[in-house]
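Have a look at query-v1.txt below; it lists compact mmCIF, N, CA and C atoms.
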```
# COMPACT_ATOMS: atom_id res chain seq x y z
N VAL A 1 -1.17 -88.23 -14.42
CA VAL A 1 -1.27 -87.96 -13.00
C VAL A 1 -2.55 -87.18 -12.71
N THR A 2 -2.85 -86.18 -13.55
CA THR A 2 -4.06 -85.38 -13.35
C THR A 2 -5.31 -86.24 -13.49
N GLU A 3 -5.33 -87.11 -14.49
CA GLU A 3 -6.48 -87.99 -14.69
C GLU A 3 -6.66 -88.92 -13.49
N ALA A 4 -5.57 -89.44 -12.96
CA ALA A 4 -5.65 -90.33 -11.80
C ALA A 4 -6.17 -89.59 -10.57
N LYS A 5 -5.75 -88.34 -10.39
CA LYS A 5 -6.18 -87.56 -9.23
C LYS A 5 -7.64 -87.13 -9.33
N THR A 6 -8.12 -86.89 -10.55
CA THR A 6 -9.49 -86.39 -10.72
C THR A 6 -10.49 -87.49 -11.03
N ALA A 7 -10.06 -88.70 -11.22
CA ALA A 7 -10.98 -89.80 -11.50
C ALA A 7 -11.80 -90.10 -10.25
N VAL A 8 -13.11 -90.26 -10.42
CA VAL A 8 -13.97 -90.50 -9.27
C VAL A 8 -14.52 -91.93 -9.22
N SER A 9 -14.38 -92.67 -10.29
CA SER A 9 -14.91 -94.03 -10.29
C SER A 9 -14.13 -94.90 -9.30
N GLY A 10 -14.88 -95.62 -8.49
CA GLY A 10 -14.26 -96.50 -7.51
C GLY A 10 -13.77 -95.80 -6.26
N ARG A 11 -14.00 -94.51 -6.15
CA ARG A 11 -13.55 -93.75 -4.97
C ARG A 11 -14.77 -93.30 -4.17
N THR A 12 -14.59 -93.21 -2.87
CA THR A 12 -15.68 -92.73 -2.02
C THR A 12 -15.71 -91.21 -2.05
N ALA A 13 -16.81 -90.63 -1.57
CA ALA A 13 -16.93 -89.17 -1.50
C ALA A 13 -15.83 -88.59 -0.62
N ASP A 14 -15.45 -89.31 0.41
CA ASP A 14 -14.38 -88.84 1.28
C ASP A 14 -13.04 -88.84 0.56
N ASN A 15 -12.80 -89.83 -0.28
CA ASN A 15 -11.56 -89.84 -1.07
C ASN A 15 -11.52 -88.68 -2.05
N VAL A 16 -12.63 -88.43 -2.70
CA VAL A 16 -12.71 -87.34 -3.68
C VAL A 16 -12.51 -86.00 -2.99
N SER A 17 -13.03 -85.86 -1.78
CA SER A 17 -12.94 -84.58 -1.06
C SER A 17 -11.65 -84.44 -0.26
N SER A 18 -10.69 -85.30 -0.48
CA SER A 18 -9.41 -85.29 0.24
C SER A 18 -9.61 -85.42 1.75
N GLY A 19 -10.60 -86.20 2.14
CA GLY A 19 -10.86 -86.44 3.56
C GLY A 19 -11.68 -85.37 4.25
N ARG A 20 -12.11 -84.36 3.51
CA ARG A 20 -12.84 -83.26 4.13
C ARG A 20 -14.17 -83.71 4.76
N ILE A 21 -14.83 -84.64 4.15
CA ILE A 21 -16.11 -85.09 4.70
C ILE A 21 -15.92 -85.71 6.09
N SER A 22 -14.88 -86.50 6.26
CA SER A 22 -14.57 -87.06 7.59
C SER A 22 -14.24 -85.95 8.58
N ILE A 23 -13.49 -84.97 8.13
CA ILE A 23 -13.13 -83.84 9.00
C ILE A 23 -14.39 -83.08 9.38
N TRP A 24 -15.26 -82.79 8.40
CA TRP A 24 -16.49 -82.05 8.68
C TRP A 24 -17.36 -82.81 9.66
N GLN A 25 -17.46 -84.13 9.52
CA GLN A 25 -18.31 -84.93 10.41
C GLN A 25 -17.84 -84.83 11.86
N VAL A 26 -16.54 -84.93 12.08
CA VAL A 26 -16.02 -84.87 13.45
C VAL A 26 -16.22 -83.48 14.03
N PHE A 27 -15.89 -82.43 13.28
CA PHE A 27 -16.08 -81.08 13.78
C PHE A 27 -17.56 -80.79 14.02
N PHE A 28 -18.42 -81.24 13.12
CA PHE A 28 -19.86 -81.02 13.27
C PHE A 28 -20.38 -81.71 14.53
N SER A 29 -19.88 -82.90 14.83
CA SER A 29 -20.33 -83.63 16.02
C SER A 29 -19.91 -82.93 17.31
N LYS A 30 -18.93 -82.06 17.25
CA LYS A 30 -18.44 -81.37 18.44
C LYS A 30 -19.01 -79.96 18.61
N LEU A 31 -19.93 -79.54 17.74
CA LEU A 31 -20.51 -78.20 17.85
C LEU A 31 -21.26 -78.05 19.16
N ASN A 32 -21.23 -76.83 19.71
CA ASN A 32 -22.00 -76.51 20.90
C ASN A 32 -22.46 -75.05 20.81
N LEU A 33 -23.14 -74.57 21.83
CA LEU A 33 -23.69 -73.21 21.78
C LEU A 33 -22.66 -72.13 22.08
N SER A 34 -21.59 -72.46 22.79
CA SER A 34 -20.64 -71.42 23.20
C SER A 34 -19.33 -71.44 22.44
N GLY A 35 -19.10 -72.43 21.60
CA GLY A 35 -17.86 -72.48 20.83
C GLY A 35 -16.74 -73.15 21.61
N HIS A 36 -15.56 -73.14 21.02
CA HIS A 36 -14.39 -73.79 21.60
C HIS A 36 -13.21 -72.83 21.62
N LYS A 37 -12.27 -73.13 22.49
CA LYS A 37 -11.03 -72.36 22.54
C LYS A 37 -10.25 -72.63 21.26
N THR A 38 -9.71 -71.59 20.66
CA THR A 38 -8.97 -71.76 19.41
C THR A 38 -7.61 -72.40 19.67
N GLY A 39 -7.08 -72.99 18.64
CA GLY A 39 -5.74 -73.57 18.73
C GLY A 39 -5.71 -75.05 19.06
N GLY A 40 -6.86 -75.65 19.32
CA GLY A 40 -6.88 -77.07 19.64
C GLY A 40 -6.94 -77.93 18.39
N TYR A 41 -6.69 -79.21 18.58
CA TYR A 41 -6.73 -80.17 17.48
C TYR A 41 -7.81 -81.20 17.75
N LEU A 42 -8.42 -81.70 16.71
CA LEU A 42 -9.36 -82.81 16.82
C LEU A 42 -8.80 -83.98 16.03
N TYR A 43 -8.88 -85.14 16.63
CA TYR A 43 -8.41 -86.35 15.96
C TYR A 43 -9.51 -86.85 15.02
N ILE A 44 -9.13 -87.14 13.78
CA ILE A 44 -10.05 -87.64 12.78
C ILE A 44 -9.71 -89.12 12.57
N PRO A 45 -10.52 -90.03 13.15
CA PRO A 45 -10.19 -91.46 13.08
C PRO A 45 -10.04 -92.00 11.65
N ALA A 46 -10.90 -91.57 10.75
CA ALA A 46 -10.85 -92.09 9.37
C ALA A 46 -9.53 -91.73 8.68
N LEU A 47 -8.93 -90.63 9.07
CA LEU A 47 -7.68 -90.18 8.44
C LEU A 47 -6.45 -90.48 9.30
N LYS A 48 -6.70 -90.89 10.54
CA LYS A 48 -5.62 -91.20 11.49
C LYS A 48 -4.68 -90.01 11.69
N ARG A 49 -5.29 -88.81 11.72
CA ARG A 49 -4.53 -87.57 11.93
C ARG A 49 -5.36 -86.61 12.75
N SER A 50 -4.70 -85.61 13.30
CA SER A 50 -5.38 -84.54 14.02
C SER A 50 -5.35 -83.28 13.17
N TYR A 51 -6.43 -82.52 13.24
CA TYR A 51 -6.55 -81.28 12.46
C TYR A 51 -6.96 -80.15 13.39
N SER A 52 -6.43 -78.96 13.13
CA SER A 52 -6.80 -77.78 13.93
C SER A 52 -7.91 -76.98 13.27
N THR A 53 -8.16 -77.21 12.00
CA THR A 53 -9.26 -76.54 11.30
C THR A 53 -10.09 -77.58 10.57
N CYS A 54 -11.33 -77.20 10.26
CA CYS A 54 -12.22 -78.17 9.63
C CYS A 54 -12.32 -78.00 8.12
N HIS A 55 -11.56 -77.10 7.53
CA HIS A 55 -11.55 -76.91 6.08
C HIS A 55 -12.92 -76.48 5.54
N ASN A 56 -13.63 -75.65 6.31
CA ASN A 56 -14.91 -75.11 5.88
C ASN A 56 -15.17 -73.86 6.71
N TYR A 57 -15.36 -72.72 6.06
CA TYR A 57 -15.50 -71.44 6.75
C TYR A 57 -16.68 -71.42 7.72
N VAL A 58 -17.85 -71.80 7.26
CA VAL A 58 -19.05 -71.72 8.11
C VAL A 58 -18.94 -72.69 9.28
N LEU A 59 -18.53 -73.90 9.02
CA LEU A 59 -18.39 -74.89 10.09
C LEU A 59 -17.32 -74.47 11.09
N GLN A 60 -16.21 -73.91 10.60
CA GLN A 60 -15.16 -73.44 11.50
C GLN A 60 -15.67 -72.29 12.37
N PHE A 61 -16.43 -71.39 11.76
CA PHE A 61 -17.01 -70.28 12.51
C PHE A 61 -17.94 -70.80 13.60
N ALA A 62 -18.77 -71.78 13.26
CA ALA A 62 -19.69 -72.38 14.23
C ALA A 62 -18.92 -73.12 15.32
N TYR A 63 -17.87 -73.82 14.96
CA TYR A 63 -17.07 -74.55 15.94
C TYR A 63 -16.37 -73.58 16.90
N ASP A 64 -15.81 -72.52 16.36
CA ASP A 64 -15.07 -71.56 17.19
C ASP A 64 -15.99 -70.71 18.06
N ASN A 65 -17.14 -70.31 17.53
CA ASN A 65 -17.97 -69.30 18.20
C ASN A 65 -19.35 -69.77 18.63
N GLY A 66 -19.73 -70.97 18.31
CA GLY A 66 -21.03 -71.51 18.70
C GLY A 66 -21.97 -71.64 17.51
N ILE A 67 -22.98 -72.47 17.70
CA ILE A 67 -23.92 -72.80 16.63
C ILE A 67 -24.62 -71.56 16.09
N PHE A 68 -25.08 -70.67 16.98
CA PHE A 68 -25.82 -69.49 16.53
C PHE A 68 -24.95 -68.58 15.66
N ALA A 69 -23.68 -68.46 16.00
CA ALA A 69 -22.77 -67.66 15.19
C ALA A 69 -22.57 -68.30 13.82
N GLY A 70 -22.50 -69.62 13.77
CA GLY A 70 -22.36 -70.32 12.50
C GLY A 70 -23.58 -70.14 11.61
N VAL A 71 -24.75 -70.20 12.20
CA VAL A 71 -25.98 -69.97 11.44
C VAL A 71 -26.01 -68.53 10.94
N ALA A 72 -25.63 -67.59 11.80
CA ALA A 72 -25.62 -66.18 11.40
C ALA A 72 -24.66 -65.93 10.24
N VAL A 73 -23.48 -66.51 10.27
CA VAL A 73 -22.52 -66.29 9.19
C VAL A 73 -22.98 -66.98 7.91
N ALA A 74 -23.67 -68.11 8.01
CA ALA A 74 -24.21 -68.77 6.82
C ALA A 74 -25.29 -67.90 6.17
N VAL A 75 -26.18 -67.35 7.00
CA VAL A 75 -27.22 -66.46 6.50
C VAL A 75 -26.59 -65.22 5.86
N TYR A 76 -25.55 -64.69 6.51
CA TYR A 76 -24.87 -63.51 5.96
C TYR A 76 -24.23 -63.81 4.61
N LEU A 77 -23.64 -64.97 4.46
CA LEU A 77 -23.01 -65.32 3.17
C LEU A 77 -24.05 -65.39 2.06
N VAL A 78 -25.21 -65.97 2.35
CA VAL A 78 -26.28 -66.03 1.35
C VAL A 78 -26.76 -64.61 1.04
N TYR A 79 -27.00 -63.83 2.08
CA TYR A 79 -27.45 -62.44 1.89
C TYR A 79 -26.44 -61.64 1.08
N SER A 80 -25.16 -61.78 1.40
CA SER A 80 -24.14 -61.00 0.70
C SER A 80 -24.05 -61.40 -0.78
N GLY A 81 -24.23 -62.67 -1.07
CA GLY A 81 -24.24 -63.09 -2.47
C GLY A 81 -25.41 -62.50 -3.23
N ILE A 82 -26.58 -62.53 -2.62
CA ILE A 82 -27.77 -61.94 -3.25
C ILE A 82 -27.59 -60.43 -3.41
N ASN A 83 -27.05 -59.79 -2.40
CA ASN A 83 -26.81 -58.34 -2.44
C ASN A 83 -25.83 -57.98 -3.56
N ALA A 84 -24.79 -58.79 -3.75
CA ALA A 84 -23.82 -58.54 -4.82
C ALA A 84 -24.48 -58.68 -6.19
N ILE A 85 -25.35 -59.67 -6.33
CA ILE A 85 -26.06 -59.85 -7.61
C ILE A 85 -26.99 -58.68 -7.88
N ILE A 86 -27.72 -58.23 -6.87
CA ILE A 86 -28.62 -57.07 -7.03
C ILE A 86 -27.82 -55.83 -7.43
N HIS A 87 -26.68 -55.62 -6.79
CA HIS A 87 -25.83 -54.48 -7.13
C HIS A 87 -25.36 -54.58 -8.58
N GLY A 88 -24.98 -55.78 -8.99
CA GLY A 88 -24.54 -55.97 -10.37
C GLY A 88 -25.66 -55.71 -11.38
N LEU A 89 -26.86 -56.15 -11.06
CA LEU A 89 -28.00 -55.92 -11.95
C LEU A 89 -28.40 -54.45 -12.00
N ASP A 90 -28.32 -53.76 -10.85
CA ASP A 90 -28.66 -52.34 -10.80
C ASP A 90 -27.67 -51.49 -11.58
N ASN A 91 -26.44 -51.97 -11.72
CA ASN A 91 -25.38 -51.20 -12.37
C ASN A 91 -24.74 -52.00 -13.50
N LYS A 92 -25.57 -52.68 -14.28
CA LYS A 92 -25.02 -53.61 -15.28
C LYS A 92 -24.21 -52.95 -16.38
N LYS A 93 -24.33 -51.64 -16.56
CA LYS A 93 -23.52 -50.96 -17.58
C LYS A 93 -22.11 -50.67 -17.08
N ASN A 94 -21.91 -50.77 -15.79
CA ASN A 94 -20.60 -50.52 -15.20
C ASN A 94 -19.88 -51.85 -15.01
N VAL A 95 -18.80 -52.06 -15.72
CA VAL A 95 -18.08 -53.33 -15.66
C VAL A 95 -17.55 -53.59 -14.24
N TYR A 96 -17.26 -52.55 -13.47
CA TYR A 96 -16.76 -52.73 -12.11
C TYR A 96 -17.84 -53.23 -11.16
N ALA A 97 -19.08 -53.14 -11.54
CA ALA A 97 -20.17 -53.64 -10.71
C ALA A 97 -20.14 -55.16 -10.62
N LEU A 98 -19.42 -55.80 -11.53
CA LEU A 98 -19.28 -57.26 -11.48
C LEU A 98 -18.27 -57.72 -10.43
N PHE A 99 -17.40 -56.81 -10.01
CA PHE A 99 -16.35 -57.18 -9.05
C PHE A 99 -16.93 -57.78 -7.76
N PRO A 100 -17.95 -57.18 -7.15
CA PRO A 100 -18.52 -57.81 -5.94
C PRO A 100 -19.06 -59.21 -6.19
N ILE A 101 -19.61 -59.44 -7.36
CA ILE A 101 -20.12 -60.79 -7.68
C ILE A 101 -18.95 -61.76 -7.79
N ILE A 102 -17.90 -61.34 -8.47
CA ILE A 102 -16.73 -62.20 -8.66
C ILE A 102 -16.10 -62.54 -7.31
N VAL A 103 -15.92 -61.53 -6.47
CA VAL A 103 -15.32 -61.76 -5.15
C VAL A 103 -16.22 -62.66 -4.31
N SER A 104 -17.53 -62.43 -4.36
CA SER A 104 -18.46 -63.24 -3.56
C SER A 104 -18.45 -64.70 -4.00
N VAL A 105 -18.45 -64.94 -5.30
CA VAL A 105 -18.41 -66.31 -5.80
C VAL A 105 -17.08 -66.98 -5.44
N ALA A 106 -15.98 -66.27 -5.66
CA ALA A 106 -14.66 -66.82 -5.34
C ALA A 106 -14.56 -67.14 -3.85
N PHE A 107 -15.07 -66.23 -3.02
CA PHE A 107 -15.02 -66.48 -1.58
C PHE A 107 -15.94 -67.65 -1.21
N GLY A 108 -17.11 -67.73 -1.82
CA GLY A 108 -18.03 -68.83 -1.53
C GLY A 108 -17.43 -70.18 -1.83
N VAL A 109 -16.75 -70.30 -2.96
CA VAL A 109 -16.09 -71.56 -3.32
C VAL A 109 -14.96 -71.86 -2.35
N THR A 110 -14.15 -70.86 -2.07
CA THR A 110 -13.03 -71.04 -1.15
C THR A 110 -13.52 -71.38 0.25
N ALA A 111 -14.62 -70.75 0.68
CA ALA A 111 -15.17 -70.98 2.01
C ALA A 111 -15.63 -72.43 2.21
N MET A 112 -16.04 -73.08 1.13
CA MET A 112 -16.46 -74.47 1.24
C MET A 112 -15.27 -75.43 1.39
N LEU A 113 -14.09 -74.99 0.99
CA LEU A 113 -12.94 -75.89 0.96
C LEU A 113 -11.86 -75.57 1.98
N SER A 114 -11.96 -74.42 2.62
CA SER A 114 -10.94 -74.07 3.62
C SER A 114 -11.55 -73.24 4.73
N ALA A 115 -10.89 -73.25 5.86
CA ALA A 115 -11.35 -72.49 7.02
C ALA A 115 -10.63 -71.15 7.01
N ASN A 116 -10.96 -70.31 6.07
CA ASN A 116 -10.27 -69.03 5.89
C ASN A 116 -10.87 -67.97 6.82
N THR A 117 -10.73 -68.21 8.11
CA THR A 117 -11.32 -67.31 9.10
C THR A 117 -10.36 -66.23 9.59
N VAL A 118 -9.09 -66.33 9.28
CA VAL A 118 -8.12 -65.31 9.69
C VAL A 118 -7.89 -64.38 8.51
N THR A 119 -8.32 -63.12 8.66
CA THR A 119 -8.42 -62.19 7.55
C THR A 119 -7.16 -62.05 6.72
N PHE A 120 -6.02 -61.81 7.32
CA PHE A 120 -4.85 -61.51 6.52
C PHE A 120 -3.99 -62.73 6.20
N TRP A 121 -4.44 -63.92 6.58
CA TRP A 121 -3.82 -65.15 6.07
C TRP A 121 -4.42 -65.47 4.72
N TYR A 122 -5.66 -65.06 4.52
CA TYR A 122 -6.38 -65.29 3.27
C TYR A 122 -6.83 -63.93 2.74
N ILE A 123 -6.10 -63.36 1.82
CA ILE A 123 -6.40 -62.02 1.32
C ILE A 123 -7.78 -61.96 0.67
N LEU A 124 -8.27 -63.08 0.16
CA LEU A 124 -9.61 -63.11 -0.41
C LEU A 124 -10.66 -62.75 0.63
N LEU A 125 -10.45 -63.14 1.89
CA LEU A 125 -11.38 -62.79 2.96
C LEU A 125 -11.37 -61.28 3.18
N ALA A 126 -10.23 -60.64 3.11
CA ALA A 126 -10.15 -59.18 3.25
C ALA A 126 -10.90 -58.52 2.09
N TYR A 127 -10.69 -58.99 0.88
CA TYR A 127 -11.42 -58.45 -0.28
C TYR A 127 -12.92 -58.61 -0.08
N PHE A 128 -13.33 -59.78 0.39
CA PHE A 128 -14.74 -60.05 0.61
C PHE A 128 -15.32 -59.06 1.63
N TYR A 129 -14.62 -58.86 2.73
CA TYR A 129 -15.08 -57.92 3.76
C TYR A 129 -15.17 -56.50 3.20
N PHE A 130 -14.16 -56.06 2.46
CA PHE A 130 -14.18 -54.70 1.91
C PHE A 130 -15.32 -54.51 0.91
N VAL A 131 -15.50 -55.49 0.03
CA VAL A 131 -16.57 -55.39 -0.96
C VAL A 131 -17.93 -55.41 -0.28
N GLN A 132 -18.13 -56.33 0.63
CA GLN A 132 -19.43 -56.42 1.29
C GLN A 132 -19.68 -55.22 2.20
N GLY A 133 -18.66 -54.69 2.80
CA GLY A 133 -18.83 -53.48 3.62
C GLY A 133 -19.35 -52.33 2.79
N ALA A 134 -18.80 -52.17 1.59
CA ALA A 134 -19.26 -51.10 0.70
C ALA A 134 -20.69 -51.34 0.24
N LEU A 135 -21.05 -52.59 -0.03
CA LEU A 135 -22.40 -52.89 -0.50
C LEU A 135 -23.44 -52.73 0.61
N ILE A 136 -23.08 -53.14 1.80
CA ILE A 136 -24.03 -53.07 2.91
C ILE A 136 -24.29 -51.63 3.34
N THR A 137 -23.28 -50.79 3.27
CA THR A 137 -23.45 -49.41 3.72
C THR A 137 -24.01 -48.49 2.65
N ARG A 138 -24.18 -48.98 1.44
CA ARG A 138 -24.77 -48.12 0.41
C ARG A 138 -26.24 -47.89 0.74
N THR A 139 -26.75 -46.77 0.33
CA THR A 139 -28.14 -46.45 0.61
C THR A 139 -28.97 -46.62 -0.64
N GLU A 140 -30.27 -46.75 -0.46
CA GLU A 140 -31.17 -46.91 -1.60
C GLU A 140 -31.21 -45.65 -2.46
N ASN A 141 -30.90 -44.51 -1.86
CA ASN A 141 -30.95 -43.25 -2.59
C ASN A 141 -29.63 -42.88 -3.24
N ALA A 142 -28.65 -43.78 -3.12
CA ALA A 142 -27.36 -43.48 -3.75
C ALA A 142 -27.54 -43.44 -5.26
N PRO A 143 -26.82 -42.54 -5.93
CA PRO A 143 -26.98 -42.44 -7.39
C PRO A 143 -26.50 -43.71 -8.07
N LYS A 144 -27.26 -44.15 -9.03
CA LYS A 144 -26.88 -45.29 -9.87
C LYS A 144 -26.24 -44.75 -11.12
N GLU A 145 -25.61 -45.60 -11.88
CA GLU A 145 -24.94 -45.15 -13.10
C GLU A 145 -25.91 -44.46 -14.06
N THR A 146 -27.14 -44.92 -14.07
CA THR A 146 -28.13 -44.31 -14.97
C THR A 146 -28.52 -42.90 -14.53
N ASP A 147 -28.27 -42.57 -13.25
CA ASP A 147 -28.60 -41.25 -12.74
C ASP A 147 -27.50 -40.23 -13.00
N ILE A 148 -26.33 -40.70 -13.38
CA ILE A 148 -25.16 -39.81 -13.53
C ILE A 148 -25.10 -39.27 -14.93
```
Could you write out this file's structure as structure tokens?
Amino acid sequence: VTEAKTAVSGRTADNVSSGRISIWQVFFSKLNLSGHKTGGYLYIPALKRSYSTCHNYVLQFAYDNGIFAGVAVAVYLVYSGINAIIHGLDNKKNVYALFPIIVSVAFGVTAMLSANTVTFWYILLAYFYFVQGALITRTENAPKETDI
């Protein structure tokens, strides 16, 4: 069963992605500058179903809040990943310095596959916010492990 589900030969990209590409295309085509009222459904012709989320964090953010908000959250996700890596490199002797990298990578993967925009429905989003909040508010003059 696992081999049949993971086999990609003879399947389209939409089949492999569980229909996400079709969902993303429809939601992407409906983007605007001011966003949309939450709670609505969009009909996905290729899947013959309606969906309330687009199964992608950045696209969902852009759909809900407008194109500029989607671009801003995409830039923030890239920045936060780079910031987590820099923090890990600055404190490489501290095993806990890897936690922000792990959370950022896990959230990045999850963000591509689900619209985890509601904080306490997806606890990983709460972890991501807490970790990134601590990293963003740290100062350049904060003591590093080598200074202690």
Next item on the list: Can you work out the spacing between atom CA of A:Phe99 and atom CA of A:Leu77 in Å, to one decimal?
Entry: 16.1 Å
Next item on the list: Looking only at alpha helix (DSSP H) from DSSP on the backbone, list the matching residues of stretch 13-145 of chain A as a ChimeraX atom specification.
Entry: /A:13-16,20-29,57-65,67-90,99-113,123-137
Note to self: Here is a test: counting all atoms listed in the file, which residue of A:Tyr76, A:Phe68, A:Tyr129, A:Tyr63 is nearest to A:His36?
What the structure shows: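 Of all the options, A:Tyr63 lies closest to A:His36.
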Checklist line | Residue nearest A:Asp64 among A:Pro100, A:Pro45, A:Gly81, A:Gly35 (counting only N, CA and C atoms) | finding: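 Comparing A:Pro100, A:Pro45, A:Gly81, A:Gly35 against A:Asp64, the winner is A:Gly35.
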Check: Nearest to A:Ile44 among A:Ala13, A:Ile23, A:Ala62, A:Ile67, with distances taken over all atoms listed in the file: which residue is it?
Finding: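 So, comparing all the options, the nearest one is A:Ile23.
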Check: What is the atom CA of A:Val95 to atom C of A:Ala134 distance in Å?
Finding: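 Atom C of A:Ala134 lies at a distance of 16.2 Å from atom CA of A:Val95.
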